[in-house]
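> Structure supplied as input_34.tsv; contents: TSV, C-alpha atoms and all ligand atoms.
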chain	number	residue	atom	x	y	z
G	174	MET	CA	-21.54	7.52	38.87
G	175	PRO	CA	-19.10	5.20	37.03
G	176	HIS	CA	-15.36	5.65	37.53
G	177	ILE	CA	-12.26	4.57	35.67
G	178	HIS	CA	-9.10	3.99	37.66
G	179	TYR	CA	-6.05	4.01	35.35
G	180	LEU	CA	-2.89	2.02	35.98
G	181	PRO	CA	0.02	2.50	36.09
G	182	ASP	CA	-0.78	6.25	36.38
G	183	ASP	CA	-2.92	5.61	39.49
G	184	ARG	CA	-5.36	8.22	38.30
G	185	ALA	CA	-9.14	8.07	38.61
G	186	ILE	CA	-11.76	9.90	36.59
G	187	GLU	CA	-15.52	10.12	36.81
G	188	ILE	CA	-17.43	9.34	33.64
G	189	GLU	CA	-21.01	9.29	32.39
G	190	ASP	CA	-22.91	6.02	32.07
G	191	ASP	CA	-22.16	4.36	28.71
G	192	ASP	CA	-19.03	6.43	28.14
G	193	ILE	CA	-16.51	4.79	25.79
G	194	ILE	CA	-13.18	4.27	27.57
G	195	LEU	CA	-11.02	5.84	24.85
G	196	GLU	CA	-13.22	8.92	24.60
G	197	ALA	CA	-13.18	9.33	28.39
G	198	SER	CA	-9.37	9.04	28.44
G	199	LEU	CA	-8.86	11.64	25.71
G	200	ARG	CA	-11.38	14.03	27.24
G	201	SER	CA	-9.50	13.88	30.53
G	202	GLY	CA	-6.07	14.34	28.91
G	203	ILE	CA	-4.92	10.80	29.66
G	204	PRO	CA	-2.43	9.72	26.98
G	205	HIS	CA	-4.13	6.80	25.30
G	206	THR	CA	-2.63	5.47	22.07
G	207	HIS	CA	-5.19	4.94	19.28
G	208	VAL	CA	-3.37	4.50	16.00
G	209	CYS	CA	-6.41	3.65	13.82
G	210	GLY	CA	-8.48	6.47	15.32
G	211	GLY	CA	-10.90	4.22	17.19
G	212	SER	CA	-12.19	1.89	14.49
G	213	ALA	CA	-11.06	-1.50	15.91
G	214	ARG	CA	-8.39	-1.90	13.24
G	215	CYS	CA	-5.15	-1.65	15.21
G	216	SER	CA	-5.44	-2.82	18.85
G	217	THR	CA	-3.06	-0.12	20.17
G	218	CYS	CA	-5.78	1.24	22.47
G	219	ARG	CA	-6.13	-2.10	24.23
G	220	VAL	CA	-6.45	-2.22	28.01
G	221	LEU	CA	-6.34	-4.96	30.59
G	222	ILE	CA	-9.44	-4.80	32.79
G	223	VAL	CA	-8.05	-5.50	36.25
G	224	GLU	CA	-11.37	-5.06	38.09
G	225	GLY	CA	-14.97	-4.43	37.00
G	226	LEU	CA	-15.23	-6.45	33.79
G	227	GLU	CA	-18.92	-6.84	34.64
G	228	PHE	CA	-19.42	-3.07	34.10
G	229	CYS	CA	-17.97	-3.24	30.59
G	230	SER	CA	-20.24	-3.58	27.56
G	231	PRO	CA	-20.01	-6.82	25.55
G	232	ARG	CA	-17.55	-6.80	22.68
G	233	THR	CA	-18.79	-5.08	19.52
G	234	SER	CA	-18.63	-7.22	16.38
G	235	PRO	CA	-15.45	-5.51	15.04
G	236	GLU	CA	-13.86	-6.14	18.45
G	237	VAL	CA	-14.98	-9.78	18.40
G	238	GLU	CA	-13.31	-10.20	15.04
G	239	LEU	CA	-10.06	-8.54	16.11
G	240	ALA	CA	-10.00	-10.39	19.46
G	241	LYS	CA	-10.36	-13.67	17.59
G	242	LYS	CA	-7.54	-12.79	15.21
G	243	LEU	CA	-5.18	-11.71	18.00
G	244	ARG	CA	-6.42	-14.34	20.48
G	245	LEU	CA	-7.12	-11.74	23.15
G	246	GLU	CA	-8.14	-12.89	26.63
G	247	PRO	CA	-11.63	-11.75	27.76
G	248	GLU	CA	-10.03	-9.21	30.13
G	249	VAL	CA	-8.15	-7.52	27.30
G	250	ARG	CA	-10.49	-5.01	25.72
G	251	LEU	CA	-10.31	-2.36	23.04
G	252	ALA	CA	-10.80	0.99	24.74
G	253	CYS	CA	-12.33	2.45	21.58
G	254	GLN	CA	-15.06	-0.22	21.55
G	255	THR	CA	-15.85	-0.61	25.25
G	256	GLN	CA	-18.51	1.33	27.16
G	257	ILE	CA	-18.72	1.41	30.92
G	258	ALA	CA	-21.96	1.59	32.86
G	259	GLY	CA	-22.89	1.51	36.53
G	260	GLY	CA	-19.64	0.89	38.43
G	261	LYS	CA	-15.93	1.30	38.94
G	262	VAL	CA	-13.46	-0.19	36.49
G	263	THR	CA	-9.73	-0.47	37.09
G	264	LEU	CA	-7.69	-0.88	33.94
G	265	ARG	CA	-4.11	-0.91	32.76
G	266	ARG	CA	-3.23	0.71	29.44
G	267	LEU	CA	-0.93	-1.53	27.46
G	268	ALA	CA	0.90	1.11	25.39
G	269	ILE	CA	2.31	3.51	27.94
G	270	ASP	CA	6.03	4.25	27.82
G	271	SER	CA	7.59	7.61	26.95
G	272	GLU	CA	8.04	6.68	23.29
G	273	ASP	CA	4.34	5.79	23.06
G	274	LEU	CA	3.70	9.16	24.63
G	275	GLU	CA	5.73	10.96	21.96
G	276	ILE	CA	3.76	9.22	19.21
G	277	PHE	CA	0.55	10.01	21.06
G	278	ASN	CA	1.42	13.71	21.35
G	279	SER	CA	2.22	14.08	17.67
G	280	GLN	CA	-0.94	12.15	16.81
G	281	MET	CA	-3.16	14.34	18.95
G	282	ALA	CA	-1.57	17.70	17.99
G	283	GLY	CA	-4.06	19.72	20.02
G	284	LYS	CA	-7.11	17.52	19.42
G	285	SER	CA	-9.22	15.93	22.17
G	286	THR	CA	-10.95	13.34	20.03
G	287	ALA	CA	-9.68	10.20	18.34
G	288	ASN	CA	-7.54	10.92	15.30
G	289	PRO	CA	-6.17	8.11	13.10
G	290	VAL	CA	-2.46	7.94	12.29
G	291	GLY	CA	-3.19	5.94	9.15
G	292	LYS	CA	-6.18	5.63	6.87
G	293	GLU	CA	-7.40	2.67	4.85
G	294	LYS	CA	-7.45	3.55	1.18
G	295	LYS	CA	-7.87	1.77	-2.09
G	296	ILE	CA	-4.69	2.50	-3.99
G	297	ALA	CA	-2.49	1.08	-6.73
G	298	ILE	CA	0.94	-0.10	-5.68
G	299	LEU	CA	3.84	-0.45	-8.12
G	300	PHE	CA	7.05	-2.31	-7.32
G	301	SER	CA	10.07	-2.23	-9.57
G	302	ASP	CA	13.49	-3.81	-9.48
G	303	ILE	CA	16.55	-3.84	-11.78
G	304	ARG	CA	17.30	-7.35	-12.97
G	305	GLY	CA	20.78	-8.69	-12.21
G	306	PHE	CA	21.94	-5.41	-10.73
G	307	THR	CA	24.16	-6.94	-8.00
G	308	PRO	CA	26.67	-8.62	-10.37
G	309	PHE	CA	26.67	-5.52	-12.58
G	310	ALA	CA	27.29	-3.27	-9.55
G	311	GLU	CA	30.15	-5.54	-8.42
G	312	SER	CA	31.92	-4.80	-11.68
G	313	LEU	CA	31.70	-1.02	-11.10
G	314	LEU	CA	33.35	1.45	-8.77
G	315	PRO	CA	31.06	2.49	-5.89
G	316	TYR	CA	30.79	6.05	-7.27
G	317	ASP	CA	29.65	4.66	-10.60
G	318	VAL	CA	27.00	2.54	-8.88
G	319	ILE	CA	25.62	5.63	-7.17
G	320	TYR	CA	25.75	7.51	-10.47
G	321	VAL	CA	23.87	4.79	-12.39
G	322	LEU	CA	21.24	4.41	-9.68
G	323	ASN	CA	20.70	8.16	-9.34
G	324	ARG	CA	20.30	8.57	-13.07
G	325	TYR	CA	17.87	5.64	-13.18
G	326	PHE	CA	15.85	6.79	-10.14
G	327	GLN	CA	15.70	10.34	-11.48
G	328	LYS	CA	14.14	9.22	-14.78
G	329	MET	CA	11.76	6.80	-13.10
G	330	GLY	CA	10.76	9.45	-10.56
G	331	TYR	CA	9.67	11.75	-13.42
G	332	VAL	CA	7.63	8.95	-14.94
G	333	ILE	CA	5.92	8.11	-11.66
G	334	ASN	CA	5.19	11.76	-10.84
G	335	ARG	CA	3.83	12.72	-14.23
G	336	ASN	CA	1.39	9.81	-13.97
G	337	GLY	CA	0.13	10.99	-10.59
G	338	GLY	CA	2.13	8.69	-8.29
G	339	ILE	CA	4.86	9.10	-5.70
G	340	ILE	CA	7.90	6.98	-4.97
G	341	ASN	CA	7.72	6.43	-1.26
G	342	ASN	CA	10.36	3.82	-0.67
G	343	TYR	CA	13.72	2.87	-2.19
G	344	MET	CA	15.08	-0.60	-1.54
G	345	GLY	CA	18.58	-0.99	-3.01
G	346	ASP	CA	18.01	-0.91	-6.76
G	347	GLY	CA	14.24	-1.23	-6.40
G	348	PHE	CA	11.44	1.07	-5.36
G	349	MET	CA	7.80	1.16	-4.43
G	350	ALA	CA	5.39	3.80	-5.76
G	351	LEU	CA	1.84	4.62	-4.71
G	352	PHE	CA	-0.98	5.88	-6.92
G	353	GLY	CA	-4.42	7.16	-5.93
G	354	LEU	CA	-3.58	8.68	-2.56
G	355	GLU	CA	-5.79	11.67	-3.40
G	356	ASN	CA	-8.11	10.21	-6.00
G	357	PRO	CA	-8.42	6.42	-6.20
G	358	GLU	CA	-10.51	6.44	-9.39
G	359	LYS	CA	-7.65	6.53	-11.87
G	360	ALA	CA	-5.06	4.82	-9.68
G	361	ALA	CA	-4.95	1.57	-11.66
G	362	HIS	CA	-4.72	3.36	-15.03
G	363	GLN	CA	-2.04	5.69	-13.74
G	364	ALA	CA	0.08	2.87	-12.31
G	365	VAL	CA	-0.17	0.70	-15.43
G	366	ARG	CA	0.59	3.62	-17.72
G	367	ALA	CA	3.57	4.51	-15.50
G	368	GLY	CA	4.83	0.92	-15.82
G	369	ILE	CA	4.70	1.10	-19.62
G	370	GLU	CA	6.47	4.47	-19.64
G	371	MET	CA	9.16	3.07	-17.35
G	372	LEU	CA	9.86	0.34	-19.88
G	373	GLU	CA	10.04	2.94	-22.65
G	374	GLU	CA	12.31	5.13	-20.54
G	375	ILE	CA	14.72	2.31	-19.82
G	376	GLU	CA	15.04	1.70	-23.56
G	377	LYS	CA	15.99	5.36	-23.99
G	378	LEU	CA	18.55	5.13	-21.17
G	379	ASN	CA	20.14	1.89	-22.32
G	380	PRO	CA	22.25	3.21	-25.26
G	381	TYR	CA	23.85	5.60	-22.76
G	382	PHE	CA	24.61	2.83	-20.24
G	383	GLU	CA	25.88	0.63	-23.05
G	384	THR	CA	28.32	3.29	-24.21
G	385	LEU	CA	29.54	3.97	-20.69
G	386	TYR	CA	29.48	0.52	-19.09
G	387	ASN	CA	28.78	-1.91	-21.90
G	388	HIS	CA	25.64	-3.00	-20.07
G	389	ARG	CA	21.90	-2.75	-20.68
G	390	LEU	CA	19.52	-2.44	-17.72
G	391	ARG	CA	16.44	-4.62	-17.57
G	392	ILE	CA	13.67	-4.03	-15.05
G	393	GLY	CA	10.77	-6.00	-13.60
G	394	ILE	CA	7.53	-4.24	-12.64
G	395	GLY	CA	4.51	-5.47	-10.66
G	396	VAL	CA	1.24	-3.61	-10.03
G	397	HIS	CA	-1.64	-4.49	-7.74
G	398	CYS	CA	-4.69	-2.47	-6.63
G	399	GLY	CA	-6.21	-3.01	-3.24
G	400	TRP	CA	-6.85	-1.70	0.24
G	401	ALA	CA	-3.90	-0.68	2.39
G	402	VAL	CA	-3.38	1.44	5.46
G	403	VAL	CA	-1.69	4.63	4.31
G	404	GLY	CA	0.02	6.73	6.94
G	405	ASN	CA	3.19	8.39	8.09
G	406	LEU	CA	5.99	6.10	9.12
G	407	GLY	CA	9.34	6.75	10.74
G	408	ALA	CA	10.84	8.87	13.49
G	409	THR	CA	8.69	11.93	14.16
G	410	GLN	CA	11.24	14.29	12.60
G	411	SER	CA	11.68	12.30	9.36
G	412	GLN	CA	8.37	10.65	8.58
G	413	THR	CA	7.37	9.59	5.08
G	414	VAL	CA	4.05	8.43	3.68
G	415	THR	CA	3.88	4.70	3.29
G	416	ALA	CA	1.34	1.95	2.76
G	417	ILE	CA	1.08	-1.28	4.69
G	418	GLY	CA	-1.10	-4.31	4.20
G	419	ASP	CA	-1.62	-7.50	2.21
G	420	ALA	CA	-2.09	-5.50	-1.00
G	421	VAL	CA	1.44	-4.14	-0.68
G	422	ASN	CA	2.94	-7.58	-0.06
G	423	LEU	CA	1.07	-8.95	-3.06
G	424	ALA	CA	2.34	-6.17	-5.35
G	425	SER	CA	5.89	-6.98	-4.30
G	426	ARG	CA	5.36	-10.68	-5.02
G	427	ILE	CA	3.87	-9.92	-8.42
G	428	GLU	CA	7.00	-7.97	-9.28
G	429	SER	CA	9.15	-10.95	-8.23
G	430	ALA	CA	7.01	-13.30	-10.37
G	431	ASN	CA	8.43	-11.61	-13.50
G	432	LYS	CA	11.65	-13.57	-12.94
G	433	LYS	CA	9.81	-16.91	-12.88
G	434	VAL	CA	7.67	-16.14	-15.90
G	435	GLY	CA	10.34	-14.33	-17.94
G	436	THR	CA	8.32	-11.10	-18.28
G	437	ASN	CA	8.99	-7.43	-17.57
G	438	PHE	CA	5.60	-6.21	-16.42
G	439	LEU	CA	2.88	-8.16	-14.62
G	440	ILE	CA	-0.36	-6.94	-13.06
G	441	SER	CA	-2.86	-8.64	-10.78
G	442	GLU	CA	-6.33	-9.73	-11.81
G	443	GLU	CA	-7.86	-6.88	-9.74
G	444	THR	CA	-5.76	-4.36	-11.66
G	445	TYR	CA	-6.55	-6.01	-14.98
G	446	GLU	CA	-10.29	-5.71	-14.27
G	447	GLU	CA	-9.86	-1.95	-13.95
G	448	VAL	CA	-7.71	-1.40	-17.04
G	449	LYS	CA	-8.82	-4.11	-19.44
G	450	GLU	CA	-10.63	-1.65	-21.72
G	451	LEU	CA	-7.38	0.12	-22.47
G	452	ALA	CA	-4.39	-2.05	-21.62
G	453	ILE	CA	-2.80	-4.22	-24.27
G	454	VAL	CA	-2.12	-7.56	-22.66
G	455	ASN	CA	0.15	-10.15	-24.21
G	456	ARG	CA	-0.80	-13.14	-22.08
G	457	ARG	CA	-2.35	-14.41	-18.88
G	458	VAL	CA	-0.21	-16.66	-16.70
G	459	LEU	CA	-0.96	-18.72	-13.63
G	460	VAL	CA	1.70	-18.37	-10.96
G	461	LYS	CA	2.18	-19.74	-7.48
G	462	ILE	CA	2.47	-16.76	-5.15
G	463	PRO	CA	3.77	-17.24	-1.60
G	464	GLY	CA	0.94	-16.77	0.90
G	465	LYS	CA	-1.78	-17.39	-1.74
G	466	SER	CA	-3.46	-20.72	-2.17
G	467	GLY	CA	-3.46	-22.33	-5.61
G	468	GLU	CA	-2.25	-20.59	-8.72
G	469	TYR	CA	-2.80	-16.88	-9.07
G	470	PRO	CA	-3.66	-15.29	-12.46
G	471	LEU	CA	-1.36	-12.48	-13.61
G	472	TYR	CA	-1.39	-10.49	-16.85
G	473	GLU	CA	1.59	-9.38	-18.89
G	474	VAL	CA	1.01	-5.82	-20.05
G	475	VAL	CA	2.75	-4.60	-23.21
G	476	GLY	CA	0.90	-1.36	-23.94
G	477	MET	CA	-1.32	1.31	-22.47
G	478	PRO	CA	-2.37	4.65	-24.00
G	479	PRO	CA	-1.24	7.84	-22.24
G	480	LEU	CA	-3.23	9.55	-19.51
G	481	PRO	CA	-5.21	11.60	-18.79
G	482	VAL	CA	-6.53	12.87	-22.14
G	483	GLU	CA	-7.29	9.48	-23.60
G	484	ILE	CA	-9.10	8.30	-20.48
G	485	GLU	CA	-11.47	11.25	-20.69
G	486	GLU	CA	-11.94	10.75	-24.40
G	487	VAL	CA	-12.80	7.14	-23.78
G	488	SER	CA	-15.52	7.99	-21.31
G	489	GLU	CA	-17.13	10.14	-24.02
G	490	VAL	CA	-16.84	7.76	-26.91
G	491	LYS	CA	-17.29	4.55	-25.00
G	492	THR	CA	-20.92	4.16	-26.04
G	493	SER	CA	-19.97	4.13	-29.70
G	494	ASN	CA	-17.03	1.76	-28.98
G	495	ILE	CA	-14.75	3.65	-31.39
G	496	TRP	CA	-11.85	3.55	-28.96
G	497	GLN	CA	-12.38	-0.09	-28.09
G	498	ASP	CA	-12.40	-0.95	-31.83
G	499	PHE	CA	-9.14	0.95	-32.22
G	500	VAL	CA	-7.54	-0.84	-29.24
G	501	ASN	CA	-8.73	-4.21	-30.58
G	502	LYS	CA	-7.22	-3.44	-34.00
G	503	ILE	CA	-3.89	-2.44	-32.44
G	504	ARG	CA	-3.95	-5.55	-30.28
G	505	ALA	CA	-4.72	-7.78	-33.29
G	506	LEU	CA	-1.96	-6.09	-35.29
G	507	TYR	CA	0.50	-6.55	-32.44
G	508	ILE	CA	-0.35	-10.25	-32.09
G	509	ALA	CA	-0.14	-10.77	-35.85
G	510	VAL	CA	3.30	-9.12	-36.02
G	511	ARG	CA	4.50	-11.06	-33.01
G	512	ASN	CA	3.35	-14.38	-34.48
G	513	TRP	CA	4.92	-13.52	-37.82
G	514	MET	CA	8.23	-12.72	-36.05
G	515	ARG	CA	8.10	-15.99	-34.12
G	516	ASN	CA	7.45	-17.99	-37.31
G	517	TRP	CA	10.18	-16.11	-39.11
G	518	TRP	CA	12.73	-16.91	-36.38
G	519	SER	CA	11.77	-20.58	-36.06
E	1	LIG	S1	-8.39	-0.46	17.87
E	1	LIG	FE1	-7.33	1.19	17.03
E	1	LIG	S2	-7.80	2.74	18.38
E	1	LIG	FE2	-8.91	1.13	19.22
Is it possible to give me this structure as structure tokens?

Amino acid sequence: MPHIHYLPDDRAIEIEDDDIILEASLRSGIPHTHVCGGSARCSTCRVLIVEGLEFCSPRTSPEVELAKKLRLEPEVRLACQTQIAGGKVTLRRLAIDSEDLEIFNSQMAGKSTANPVGKEKKIAILFSDIRGFTPFAESLLPYDVIYVLNRYFQKMGYVINRNGGIINNYMGDGFMALFGLENPEKAAHQAVRAGIEMLEEIEKLNPYFETLYNHRLRIGIGVHCGWAVVGNLGATQSQTVTAIGDAVNLASRIESANKKVGTNFLISEETYEEVKELAIVNRRVLVKIPGKSGEYPLYEVVGMPPLPVEIEEVSEVKTSNIWQDFVNKIRALYIAVRNWMRNWWS
């Protein structure tokens, strides 16, 4: 019967032929970290095969991919992807200290099977930032800075929440909000609508800030939809939901691109594809985004009808195109007025 000998615990267990290492560990109560829940997406379950590599199954294709990305030696294997048959294997778990153990215990919470800490989800990510806030804050007393920020975050929090999102991270005068954690279908619409409402809300707040501080706030917003790992992050006693992945980084870079382009609200092409029936877009711009090759298309959004009533109405009337005709007329009117204003000023 095959055996696994664990280091540094110096503990041996008997297993069935073709048992998967991670499953055998968890069944026997051996703390074995497995952040992605055993789907070859994290590498935290990795083990060093000290003896008996010949009894280990060949790498599965997800493991091959991950091993290539992380440049893993042949002896380093993912416990969630490796079966053992016919002999004794000695291995060393690579995530083993007491802090790993604490994470492991909260992850398992009474379960004996693999349980992911995070989950890959398609979501919409919104980043926002107040333009030129540092010099403005330097002209204020610290209490006033806190007051202005709290007032601003409070209003924006309402906007995000009533459109189905949550603010999950504050970064100085900026924040990140996630949409579609429960239902990804409307995530893009919700995030874009929230962006438009934020711009409207800041216009309502500005007379107040002008009276008090002789200053108007201006914000930049970026939205991108894509796959990210959503999970709890932070010390066990104060964890918050967050999202991590390329999609998040891209959303942040889209927000920053507003400064280069001179816009307030930009969305990615992926987001545009999902909202183009409803969103009123002023222009498409090509921008160099760090980490992306070539120029990346972004769309400046200037309008979006409220949710959710209109979205449902659209699905009913879409076949007759009444709503689309209406949106096209509004868009044409907007462009005509804008052009007239430009000519008038020049
Ligand atoms: S790769 Fe994540 S648990 Fe194995």
> What does the structure give for the distance between CA of Phe352 (chain G) and CA of Ala297 (chain G), in Å to one decimal?
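Spanning CA of Phe352 (chain G) to CA of Ala297 (chain G) is a straight-line distance of 5.0 Å.
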> How would you write, as a list in words, the set of residues no farther than 8 Å from ligand LIG 1 (chain E) when counting only C-alpha atoms and all ligand atoms?
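Here is the list of contacting residues: Leu195, Thr206, His207, Val208, Cys209, Gly210, Gly211, Ser212, Ala213, Arg214, Cys215, Ser216, Thr217, Cys218, Arg219, Glu236, Leu251, Ala252, Cys253, Gln254, Ala287 and Pro289 of chain G.
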> I need the chosen residues saved as a PDB file, keeping the file's coordinate frame, with C-alpha atoms.

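Result saved to result.pdb:
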ATOM      1  CA  LEU G 195     -11.020   5.840  24.850  1.00  0.00           C
ATOM      2  CA  THR G 206      -2.630   5.470  22.070  1.00  0.00           C
ATOM      3  CA  HIS G 207      -5.190   4.940  19.280  1.00  0.00           C
ATOM      4  CA  VAL G 208      -3.370   4.500  16.000  1.00  0.00           C
ATOM      5  CA  CYS G 209      -6.410   3.650  13.820  1.00  0.00           C
ATOM      6  CA  GLY G 210      -8.480   6.470  15.320  1.00  0.00           C
ATOM      7  CA  GLY G 211     -10.900   4.220  17.190  1.00  0.00           C
ATOM      8  CA  SER G 212     -12.190   1.890  14.490  1.00  0.00           C
ATOM      9  CA  ALA G 213     -11.060  -1.500  15.910  1.00  0.00           C
ATOM     10  CA  ARG G 214      -8.390  -1.900  13.240  1.00  0.00           C
ATOM     11  CA  CYS G 215      -5.150  -1.650  15.210  1.00  0.00           C
ATOM     12  CA  SER G 216      -5.440  -2.820  18.850  1.00  0.00           C
ATOM     13  CA  THR G 217      -3.060  -0.120  20.170  1.00  0.00           C
ATOM     14  CA  CYS G 218      -5.780   1.240  22.470  1.00  0.00           C
ATOM     15  CA  ARG G 219      -6.130  -2.100  24.230  1.00  0.00           C
ATOM     16  CA  GLU G 236     -13.860  -6.140  18.450  1.00  0.00           C
ATOM     17  CA  LEU G 251     -10.310  -2.360  23.040  1.00  0.00           C
ATOM     18  CA  ALA G 252     -10.800   0.990  24.740  1.00  0.00           C
ATOM     19  CA  CYS G 253     -12.330   2.450  21.580  1.00  0.00           C
ATOM     20  CA  GLN G 254     -15.060  -0.220  21.550  1.00  0.00           C
ATOM     21  CA  ALA G 287      -9.680  10.200  18.340  1.00  0.00           C
ATOM     22  CA  PRO G 289      -6.170   8.110  13.100  1.00  0.00           C
TER      23      PRO G 289
END
> Which residues are near Cys398 (chain G)? Cut-off 7 Å, only C-alpha atoms, ignore same chain within fewer than 6 positions. Put them as a list in words.
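With the cut-off at 7 Å, the set is Lys295, Ile296, Ala297, Ile298, Ala361, Ala420, Glu443 and Thr444 of chain G.
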> So what do you get for CA of Asp419 (chain G) versus CA of Ala401 (chain G), distance-wise?
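Atom-to-atom, CA of Asp419 (chain G) to CA of Ala401 (chain G), that is 7.2 Å.
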> Could you tell me which of G:Leu471, G:Ile193, G:Ile203, G:Met174 comes closest to His397 (chain G) if we count all atoms listed in the file?
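Residue with the minimum atom-to-atom distance to His397 (chain G): G:Leu471.
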> Provide the CA of Pro175 (chain G) to CA of Val237 (chain G) distance in Å, to one decimal place.
24.3 Å
> Pick from G:Pro231, G:Pro380, G:Gly345, G:Pro478: nearest to Pro247 (chain G), with all atoms listed in the file counted?
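Looking at the shortest contact to Pro247 (chain G), the residue is G:Pro231.
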> Show me, as a list in words, the residues that have an atom within 10 Å of Tyr472 (chain G) when counting all atoms listed in the file, minus same-chain residues fewer than 4 positions from it.
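Using all atoms listed in the file, the neighbours found are Gly395, Ile427, Thr436, Phe438, Leu439, Ile440, Ser441, Glu442, Thr444, Tyr445, Ile453, Val454, Asn455, Arg456, Arg457, Val458 and Leu459 of chain G.
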> Keeping only C-alpha atoms, write the selected residues as a PDB file, in the coordinates of the input.

ATOM      1  CA  GLY G 395       4.510  -5.470 -10.660  1.00  0.00           C
ATOM      2  CA  ILE G 427       3.870  -9.920  -8.420  1.00  0.00           C
ATOM      3  CA  THR G 436       8.320 -11.100 -18.280  1.00  0.00           C
ATOM      4  CA  PHE G 438       5.600  -6.210 -16.420  1.00  0.00           C
ATOM      5  CA  LEU G 439       2.880  -8.160 -14.620  1.00  0.00           C
ATOM      6  CA  ILE G 440      -0.360  -6.940 -13.060  1.00  0.00           C
ATOM      7  CA  SER G 441      -2.860  -8.640 -10.780  1.00  0.00           C
ATOM      8  CA  GLU G 442      -6.330  -9.730 -11.810  1.00  0.00           C
ATOM      9  CA  THR G 444      -5.760  -4.360 -11.660  1.00  0.00           C
ATOM     10  CA  TYR G 445      -6.550  -6.010 -14.980  1.00  0.00           C
ATOM     11  CA  ILE G 453      -2.800  -4.220 -24.270  1.00  0.00           C
ATOM     12  CA  VAL G 454      -2.120  -7.560 -22.660  1.00  0.00           C
ATOM     13  CA  ASN G 455       0.150 -10.150 -24.210  1.00  0.00           C
ATOM     14  CA  ARG G 456      -0.800 -13.140 -22.080  1.00  0.00           C
ATOM     15  CA  ARG G 457      -2.350 -14.410 -18.880  1.00  0.00           C
ATOM     16  CA  VAL G 458      -0.210 -16.660 -16.700  1.00  0.00           C
ATOM     17  CA  LEU G 459      -0.960 -18.720 -13.630  1.00  0.00           C
TER      18      LEU G 459
END
> Excluding Asn336 (chain G) and any residue of its chain fewer than 5 positions from it, enumerate the residues within 8 Å of it, using only C-alpha atoms, and give them as a PyMOL selection string.
chain G and resi 363-364+366-367+480
> Counting all atoms listed in the file, note down every residue that has an atom within 6 Å of the point (-18.3, -0.8, 34.6) (file coordinates), as number ranges by chain.
G: 225, 228-229, 257-262
> Taking 5 positions as the minimum chain separation for residues in the same chain, which residues sit within 8 Å of Ile394 (chain G) when counting all atoms listed in the file? Answer as a list in words.
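Near neighbours after the sequence-gap exclusion: Leu299, Phe300, Ser301, Asp302, Gly368, Ile427, Glu428, Asn431, Asn437, Phe438 and Leu439 of chain G.
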> Keeping C-alpha atoms for every residue in the selection just given, could you write it to a file as an mmCIF file, in the coordinates of the input?

data_model
loop_
_atom_site.group_PDB
_atom_site.id
_atom_site.type_symbol
_atom_site.label_atom_id
_atom_site.label_comp_id
_atom_site.auth_asym_id
_atom_site.auth_seq_id
_atom_site.Cartn_x
_atom_site.Cartn_y
_atom_site.Cartn_z
ATOM 1 C CA LEU G 299 3.840 -0.450 -8.120
ATOM 2 C CA PHE G 300 7.050 -2.310 -7.320
ATOM 3 C CA SER G 301 10.070 -2.230 -9.570
ATOM 4 C CA ASP G 302 13.490 -3.810 -9.480
ATOM 5 C CA GLY G 368 4.830 0.920 -15.820
ATOM 6 C CA ILE G 427 3.870 -9.920 -8.420
ATOM 7 C CA GLU G 428 7.000 -7.970 -9.280
ATOM 8 C CA ASN G 431 8.430 -11.610 -13.500
ATOM 9 C CA ASN G 437 8.990 -7.430 -17.570
ATOM 10 C CA PHE G 438 5.600 -6.210 -16.420
ATOM 11 C CA LEU G 439 2.880 -8.160 -14.620
#
> Smallest atom-to-atom distance to Asn342 (chain G): which of G:Leu226, G:Val414, G:Leu267, G:Val475, using only C-alpha atoms?
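Answer, going by the shortest atom-to-atom distance: G:Val414.
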> Which is closest to Asp190 (chain G) among G:Thr255, G:Thr233, G:Val223, G:Arg244, if we use only C-alpha atoms?
G:Thr255
> Using only C-alpha atoms, which of the listed residues (G:Leu378, G:Ala430, G:Leu180, G:Met371) sits closest to Pro463 (chain G)?
G:Ala430
> Using all atoms listed in the file, which of G:Arg389, G:Ala416, G:Leu314, G:Gly407 sits nearest Ile340 (chain G)?
G:Ala416
> For the point (16.1, 7.5, -10.7) in file coordinates, what residues are within 12 Å, counting all atoms listed in the file? Give the answer as a list in words?
Ser301, Asp302, Ile303, Ile319, Tyr320, Val321, Leu322, Asn323, Arg324, Tyr325, Phe326, Gln327, Lys328, Met329, Gly330, Tyr331, Val332, Ile333, Asn334, Ile340, Tyr343, Gly345, Asp346, Gly347, Phe348, Met371, Glu374, Ile375 and Leu378 of chain G
> Just want the 7 Å neighbourhood of Ala452 (chain G), counted on only C-alpha atoms, with same-chain residues fewer than 2 positions away dropped. Output as number ranges by chain.
G: 448-450, 454, 474, 476-477
> If you take every atom of region 442-461 of chain G that the file lists and fit an axis-aligned box around them with 6 Å extra on each side, what centre and edge lengths come out in Å to one decimal, as AutoDock Vina command-line options?

--center_x -4.2 --center_y -9.8 --center_z -15.9 --size_x 24.8 --size_y 31.9 --size_z 28.8
